[in-house]
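Raw contents of work-v5.csv, CSV, C-alpha atoms and all ligand atoms:
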```csv
chain,number,residue,atom,x,y,z
E,1,MET,CA,-125.1,-45.7,76.6
E,2,THR,CA,-123.1,-48.9,77.5
E,3,SER,CA,-124.5,-52.2,76.5
E,4,ILE,CA,-123.9,-55.6,78.1
E,5,PRO,CA,-123.1,-58.0,75.3
E,6,GLY,CA,-125.3,-60.5,73.6
E,7,LEU,CA,-129.1,-60.2,73.7
E,8,ILE,CA,-129.3,-62.3,70.6
E,9,GLU,CA,-126.7,-64.2,68.7
E,10,LEU,CA,-126.8,-66.3,65.5
E,11,ARG,CA,-124.0,-68.7,64.9
E,12,GLY,CA,-123.5,-70.3,61.5
E,13,VAL,CA,-127.2,-70.2,60.9
E,14,THR,CA,-128.5,-71.8,57.6
E,15,ARG,CA,-132.0,-72.1,56.4
E,16,ALA,CA,-133.0,-74.1,53.4
E,17,PHE,CA,-136.4,-74.5,51.8
E,18,THR,CA,-137.6,-77.3,49.6
E,19,ALA,CA,-139.8,-76.2,46.7
E,20,ASN,CA,-140.7,-78.3,43.7
E,21,GLY,CA,-138.4,-81.0,44.9
E,22,GLN,CA,-135.5,-78.7,44.8
E,23,SER,CA,-133.6,-77.4,47.9
E,24,LEU,CA,-133.0,-73.7,48.1
E,25,GLU,CA,-130.4,-72.6,50.6
E,26,VAL,CA,-131.4,-69.1,51.5
E,27,LEU,CA,-129.2,-68.5,54.6
E,28,ARG,CA,-125.7,-70.1,54.3
E,29,GLY,CA,-124.0,-69.4,57.6
E,30,VAL,CA,-125.2,-66.2,59.2
E,31,ASP,CA,-123.3,-64.9,62.2
E,32,LEU,CA,-124.8,-62.0,64.1
E,33,LEU,CA,-124.3,-60.6,67.6
E,34,VAL,CA,-126.7,-58.0,68.8
E,35,ASP,CA,-126.0,-56.4,72.1
E,36,ARG,CA,-128.6,-55.1,74.6
E,37,GLY,CA,-129.5,-51.6,73.6
E,38,ASP,CA,-128.1,-52.0,70.1
E,39,PHE,CA,-129.8,-50.7,67.0
E,40,VAL,CA,-128.9,-52.8,63.9
E,41,ALA,CA,-130.1,-52.2,60.4
E,42,ILE,CA,-130.0,-55.1,57.9
E,43,THR,CA,-130.2,-54.4,54.2
E,44,GLY,CA,-130.0,-56.7,51.1
E,45,SER,CA,-131.6,-57.2,47.8
E,46,SER,CA,-135.1,-58.6,47.4
E,47,GLY,CA,-135.0,-62.4,48.0
E,48,ALA,CA,-131.7,-62.2,49.9
E,49,GLY,CA,-133.3,-63.8,52.9
E,50,LYS,CA,-133.9,-60.8,55.2
E,51,SER,CA,-137.4,-61.8,56.3
E,52,THR,CA,-136.3,-65.4,56.6
E,53,MET,CA,-133.6,-64.3,59.0
E,54,LEU,CA,-136.1,-62.1,60.9
E,55,ASN,CA,-138.5,-65.0,61.3
E,56,ILE,CA,-135.7,-67.0,62.9
E,57,LEU,CA,-134.8,-64.0,65.2
E,58,GLY,CA,-138.4,-63.8,66.2
E,59,LEU,CA,-138.7,-67.5,67.0
E,60,LEU,CA,-141.3,-67.9,64.3
E,61,ASP,CA,-139.0,-70.2,62.4
E,62,ARG,CA,-136.1,-72.5,63.2
E,63,PRO,CA,-132.7,-72.7,61.5
E,64,THR,CA,-131.9,-75.7,59.4
E,65,SER,CA,-128.6,-75.8,61.1
E,66,GLY,CA,-126.5,-73.5,63.3
E,67,GLU,CA,-127.4,-72.0,66.6
E,68,TYR,CA,-129.7,-69.2,67.8
E,69,LEU,CA,-129.2,-67.9,71.3
E,70,PHE,CA,-131.7,-65.6,72.9
E,71,ASP,CA,-130.5,-63.9,76.1
E,72,GLY,CA,-127.6,-66.3,76.2
E,73,ARG,CA,-129.9,-69.3,76.0
E,74,PRO,CA,-129.8,-71.7,73.1
E,75,THR,CA,-133.2,-71.9,71.5
E,76,ALA,CA,-132.9,-75.2,69.5
E,77,ALA,CA,-134.0,-77.4,72.4
E,78,LEU,CA,-137.0,-75.2,73.3
E,79,GLY,CA,-140.4,-76.7,72.5
E,80,ASP,CA,-143.1,-74.7,70.8
E,81,ARG,CA,-144.7,-73.6,74.0
E,82,GLU,CA,-141.5,-72.3,75.5
E,83,ARG,CA,-140.6,-70.6,72.2
E,84,SER,CA,-144.0,-68.8,72.3
E,85,GLY,CA,-143.3,-67.9,75.9
E,86,VAL,CA,-140.0,-66.3,75.0
E,87,ARG,CA,-141.6,-64.6,72.0
E,88,GLY,CA,-144.6,-63.3,73.9
E,89,ALA,CA,-142.6,-61.8,76.7
E,90,GLY,CA,-139.5,-60.8,74.9
E,91,VAL,CA,-140.1,-59.8,71.3
E,92,GLY,CA,-142.3,-57.1,69.6
E,93,PHE,CA,-142.9,-57.2,65.8
E,94,VAL,CA,-143.6,-54.4,63.3
E,95,PHE,CA,-144.3,-55.1,59.6
E,96,GLN,CA,-144.5,-53.0,56.5
E,97,SER,CA,-148.3,-53.5,56.2
E,98,PHE,CA,-149.2,-52.6,59.8
E,99,HIS,CA,-151.5,-55.7,60.3
E,100,LEU,CA,-154.2,-53.8,62.1
E,101,LEU,CA,-157.8,-55.1,62.3
E,102,SER,CA,-160.0,-52.5,60.7
E,103,ALA,CA,-163.1,-53.4,62.6
E,104,ARG,CA,-161.4,-53.0,66.0
E,105,THR,CA,-160.5,-49.7,67.7
E,106,VAL,CA,-156.9,-48.6,68.1
E,107,ARG,CA,-157.0,-49.6,71.8
E,108,GLU,CA,-158.4,-53.1,70.9
E,109,ASN,CA,-155.7,-53.5,68.3
E,110,VAL,CA,-153.0,-52.7,70.8
E,111,LEU,CA,-154.6,-55.1,73.3
E,112,LEU,CA,-154.2,-57.9,70.8
E,113,ALA,CA,-150.6,-58.1,71.8
E,114,PHE,CA,-151.7,-59.8,75.0
E,115,VAL,CA,-153.7,-62.4,73.1
E,116,TYR,CA,-150.6,-63.3,71.1
E,117,GLY,CA,-148.6,-63.4,74.3
E,118,GLU,CA,-151.0,-65.5,76.2
E,119,THR,CA,-148.5,-68.2,77.0
E,120,GLU,CA,-146.6,-65.8,79.4
E,121,GLU,CA,-145.9,-67.2,82.8
E,122,ARG,CA,-147.9,-64.7,84.7
E,123,PRO,CA,-151.0,-63.6,82.7
E,124,ARG,CA,-151.9,-60.0,83.3
E,125,SER,CA,-155.2,-58.9,84.5
E,126,THR,CA,-157.6,-56.9,82.3
E,127,SER,CA,-157.0,-53.7,84.1
E,128,GLU,CA,-153.2,-54.2,83.9
E,129,ARG,CA,-153.5,-54.9,80.1
E,130,LEU,CA,-155.6,-51.7,79.6
E,131,ALA,CA,-153.1,-49.6,81.5
E,132,LEU,CA,-150.2,-51.0,79.5
E,133,ALA,CA,-152.0,-50.4,76.3
E,134,GLU,CA,-152.8,-46.8,77.2
E,135,ASP,CA,-149.2,-46.3,78.3
E,136,ALA,CA,-148.0,-47.6,74.9
E,137,LEU,CA,-150.4,-45.4,73.0
E,138,SER,CA,-149.2,-42.3,75.0
E,139,ARG,CA,-145.6,-43.4,74.2
E,140,VAL,CA,-146.3,-43.2,70.5
E,141,GLY,CA,-148.3,-40.0,70.8
E,142,LEU,CA,-151.8,-41.5,70.1
E,143,ALA,CA,-153.5,-41.7,73.4
E,144,ARG,CA,-156.2,-39.4,72.2
E,145,ARG,CA,-157.0,-41.7,69.3
E,146,SER,CA,-157.6,-44.9,71.4
E,147,ALA,CA,-161.2,-45.1,70.4
E,148,ALA,CA,-160.7,-44.4,66.7
E,149,HIS,CA,-160.7,-47.0,64.0
E,150,PRO,CA,-157.4,-47.6,62.1
E,151,GLY,CA,-159.2,-46.6,58.8
E,152,THR,CA,-159.5,-43.0,60.1
E,153,LEU,CA,-155.7,-42.7,60.7
E,154,SER,CA,-152.9,-41.8,58.4
E,155,GLY,CA,-150.3,-44.4,57.4
E,156,GLY,CA,-147.8,-43.0,59.8
E,157,GLU,CA,-150.3,-43.1,62.6
E,158,ARG,CA,-151.3,-46.7,61.8
E,159,GLN,CA,-147.6,-47.7,62.0
E,160,ARG,CA,-147.3,-46.0,65.3
E,161,VAL,CA,-150.4,-48.0,66.6
E,162,ALA,CA,-148.5,-51.1,65.3
E,163,ILE,CA,-145.5,-50.0,67.3
E,164,ALA,CA,-147.6,-49.4,70.4
E,165,ARG,CA,-148.9,-53.0,70.0
E,166,ALA,CA,-145.3,-54.2,69.6
E,167,ILE,CA,-144.1,-52.5,72.8
E,168,CYS,CA,-147.0,-52.7,75.1
E,169,THR,CA,-145.9,-56.0,76.5
E,170,ARG,CA,-142.5,-54.3,77.3
E,171,PRO,CA,-140.4,-56.6,75.1
E,172,ARG,CA,-136.6,-56.4,75.1
E,173,LEU,CA,-136.3,-56.8,71.4
E,174,LEU,CA,-138.1,-55.0,68.6
E,175,LEU,CA,-138.0,-56.7,65.2
E,176,ALA,CA,-139.1,-54.5,62.3
E,177,ASP,CA,-139.5,-55.7,58.7
E,178,GLU,CA,-139.6,-52.7,56.3
E,179,PRO,CA,-141.4,-50.5,58.9
E,180,THR,CA,-141.4,-47.5,56.7
E,181,GLY,CA,-141.9,-49.3,53.4
E,182,ASN,CA,-145.5,-48.0,53.0
E,183,LEU,CA,-144.9,-44.5,54.3
E,184,ASP,CA,-143.9,-41.2,52.7
E,185,ARG,CA,-140.8,-39.4,53.9
E,186,ARG,CA,-142.6,-37.3,56.6
E,187,ASN,CA,-144.4,-40.2,58.2
E,188,SER,CA,-141.4,-42.4,57.8
E,189,ASP,CA,-139.3,-39.8,59.7
E,190,ALA,CA,-141.9,-39.7,62.5
E,191,VAL,CA,-141.8,-43.5,62.8
E,192,LEU,CA,-138.0,-43.4,62.8
E,193,ASP,CA,-137.9,-40.7,65.5
E,194,LEU,CA,-140.0,-43.0,67.6
E,195,VAL,CA,-137.9,-46.1,67.1
E,196,GLU,CA,-134.8,-44.0,67.9
E,197,GLU,CA,-136.4,-42.8,71.2
E,198,LEU,CA,-137.5,-46.3,72.2
E,199,ASN,CA,-133.9,-47.5,71.5
E,200,ALA,CA,-132.5,-44.7,73.6
E,201,ASP,CA,-134.8,-45.9,76.4
E,202,GLY,CA,-133.1,-49.3,76.2
E,203,LEU,CA,-135.1,-51.3,73.6
E,204,THR,CA,-132.9,-53.4,71.4
E,205,VAL,CA,-133.9,-52.9,67.7
E,206,VAL,CA,-133.2,-54.9,64.6
E,207,VAL,CA,-134.7,-53.4,61.5
E,208,ILE,CA,-134.8,-54.7,57.9
E,209,THR,CA,-135.0,-52.0,55.3
E,210,HIS,CA,-134.5,-50.9,51.8
E,211,ASP,CA,-134.4,-47.3,53.0
E,212,GLU,CA,-131.0,-45.7,53.3
E,213,ALA,CA,-132.3,-43.1,55.7
E,214,VAL,CA,-133.3,-46.0,58.1
E,215,ALA,CA,-129.9,-47.7,57.8
E,216,ARG,CA,-128.1,-44.4,58.5
E,217,ARG,CA,-130.0,-43.9,61.8
E,218,ALA,CA,-129.0,-47.3,63.1
E,219,HIS,CA,-125.9,-47.8,65.2
E,220,ARG,CA,-124.7,-50.6,62.9
E,221,HIS,CA,-125.5,-51.6,59.4
E,222,ARG,CA,-125.1,-55.1,58.0
E,223,VAL,CA,-125.8,-56.4,54.5
E,224,LEU,CA,-127.2,-59.8,53.7
E,225,GLU,CA,-125.6,-61.1,50.6
E,226,GLY,CA,-125.1,-64.6,49.2
E,227,GLY,CA,-126.7,-66.0,52.3
E,228,ARG,CA,-124.3,-64.4,54.7
E,229,LEU,CA,-124.0,-61.1,56.6
E,230,SER,CA,-121.2,-58.8,55.6
S,1,LIG,N1,-141.5,-70.9,53.2
S,1,LIG,C1,-140.8,-70.8,52.1
S,1,LIG,N2,-140.8,-71.8,51.2
S,1,LIG,C2,-140.0,-71.8,50.1
S,1,LIG,N3,-139.2,-70.7,49.8
S,1,LIG,C3,-139.2,-69.7,50.7
S,1,LIG,C4,-140.0,-69.7,51.9
S,1,LIG,N4,-139.8,-68.5,52.5
S,1,LIG,C5,-138.9,-67.8,51.7
S,1,LIG,N5,-138.6,-68.5,50.6
S,1,LIG,C6,-137.6,-68.1,49.6
S,1,LIG,O1,-136.4,-67.6,50.2
S,1,LIG,C7,-135.9,-66.5,49.6
S,1,LIG,C8,-135.7,-65.4,50.5
S,1,LIG,O2,-137.0,-64.9,50.9
S,1,LIG,P1,-137.1,-63.7,52.0
S,1,LIG,O3,-138.6,-63.4,52.1
S,1,LIG,O4,-136.4,-64.0,53.2
S,1,LIG,O5,-136.4,-62.5,51.2
S,1,LIG,P2,-136.3,-61.0,51.6
S,1,LIG,O6,-134.8,-60.7,51.6
S,1,LIG,O7,-137.1,-60.7,52.8
S,1,LIG,O8,-136.9,-60.2,50.3
S,1,LIG,P3,-137.8,-58.9,50.2
S,1,LIG,O9,-136.8,-57.7,50.3
S,1,LIG,O10,-138.4,-59.0,48.8
S,1,LIG,O11,-138.8,-58.9,51.3
S,1,LIG,C9,-136.8,-66.2,48.4
S,1,LIG,O12,-136.3,-66.8,47.2
S,1,LIG,C10,-138.1,-66.9,48.8
S,1,LIG,O13,-138.9,-67.3,47.7
S,2,MG,MG,-138.8,-59.5,53.2
```
Rewrite the structure of this file - the entire thing - as structure tokens.
Ligand SMILES: Nc1ncnc2c1ncn2[C@@H]1O[C@H](COP(=O)(O)OP(=O)(O)OP(=O)(O)O)[C@@H](O)[C@H]1O
Ligand SMILES: [Mg+2]
Amino acid sequence: MTSIPGLIELRGVTRAFTANGQSLEVLRGVDLLVDRGDFVAITGSSGAGKSTMLNILGLLDRPTSGEYLFDGRPTAALGDRERSGVRGAGVGFVFQSFHLLSARTVRENVLLAFVYGETEERPRSTSERLALAEDALSRVGLARRSAAHPGTLSGGERQRVAIARAICTRPRLLLADEPTGNLDRRNSDAVLDLVEELNADGLTVVVITHDEAVARRAHRHRVLEGGRLS
């Protein structure tokens, strides 16, 4: 598949935190270009700044200095509302610990994506949301479990629900932070198969991982070290 350059780009991004009166420079000039349709794995030791970088890519945090371009558009000048708009329409998130609400059904958990994305320019009707949620659940092979509660699902199935929630708004970018970190090999392979299929359908994927098997499946593998990507 050919990809048109530059869905996201980091240029000389730094991020420093102040803790106990001391400044900690976690990112020290990160450059990253991710093409449309790309599948990039980021590894690095614990504390290297991987989640910090992912938060910036997901517009959940801002760089201390440097530039972040989303779809060719500099994000620094965007206000919080515009950033939520870009995030809601363009980015899906998957985390290690699923973040599903146990008192809600699988379908309701997936529908939560639309609550987080409520700043979108054209709000979707309830029936449209339901149809997108059912579509996403079919996509991850869990349509038959829509009425179940997350507690009755396996870890791999729960992560597939989280993926359905991440993709039901039809984002262009999937950001995953250790998506297989809580899964055994078999469930982890199933989740990876799914991510690979979504990528083959055009979804751009950035995944943070400690798992070599995940890194091997990506098109590109970068290592975060000393605050920079190598
Ligand atoms: N909001 C914050 N305030 C202060 N320090 C922070 C903050 N967020 C992260 N840090 C620090 O930045 C460093 C990098 O954290 P980060 O969570 O990005 O690491 P990571 O590479 O994702 O590690 P892990 O593999 O363990 O998840 C750590 O030393 C962490 O304590
Ligand atoms: Mg992390």
Pick from E:Ala103, E:Ile8, E:Val13, E:Ala48 nearest to ligand LIG 1 (chain S), counting only C-alpha atoms and all ligand atoms: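 Closest to ligand LIG 1 (chain S), using only C-alpha atoms and all ligand atoms: E:Ala48.
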Counting all atoms listed in the file, which of E:Gly227, E:Gly141, E:Pro123, E:Gly92 gets nearest to Ile167 in chain E? E:Gly92
Measuring between only C-alpha atoms and all ligand atoms, which one of E:Gly226, E:Gly29, E:Gly49, E:Gly79 shows the shortest distance to ligand MG 2 (chain S)?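 So, comparing all the options, the nearest one is E:Gly49.
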Could you list, as a ChimeraX atom specification, all residues that come within 9 Å of ligand MG 2 (chain S)? Count all atoms listed in the file. /E:46-52,54,177-178,208-209
Could you list the protein, DNA and RNA residues that have any atom within 12 Å of ligand LIG 1 (chain S), counting all atoms listed in the file, and write them as a VMD selection string? chain E and resid 14 to 28 42 to 56 60 to 62 95 to 97 176 to 179 181 207 to 211 223 to 229
So which residues fall inside 7 Å of (-129.0, -73.6, 66.8) if we count all atoms listed in the file? Mind giving them as a list in words?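 Looking at atoms near the point gives Pro63, Ser65, Gly66, Glu67, Tyr68, Pro74, Thr75 and Ala76 of chain E.
Of the listed residues (E:Arg124, E:Arg217, E:Arg87, E:Arg107), E:Arg107 comes nearest to Arg144 in chain E; the distances count only C-alpha atoms.
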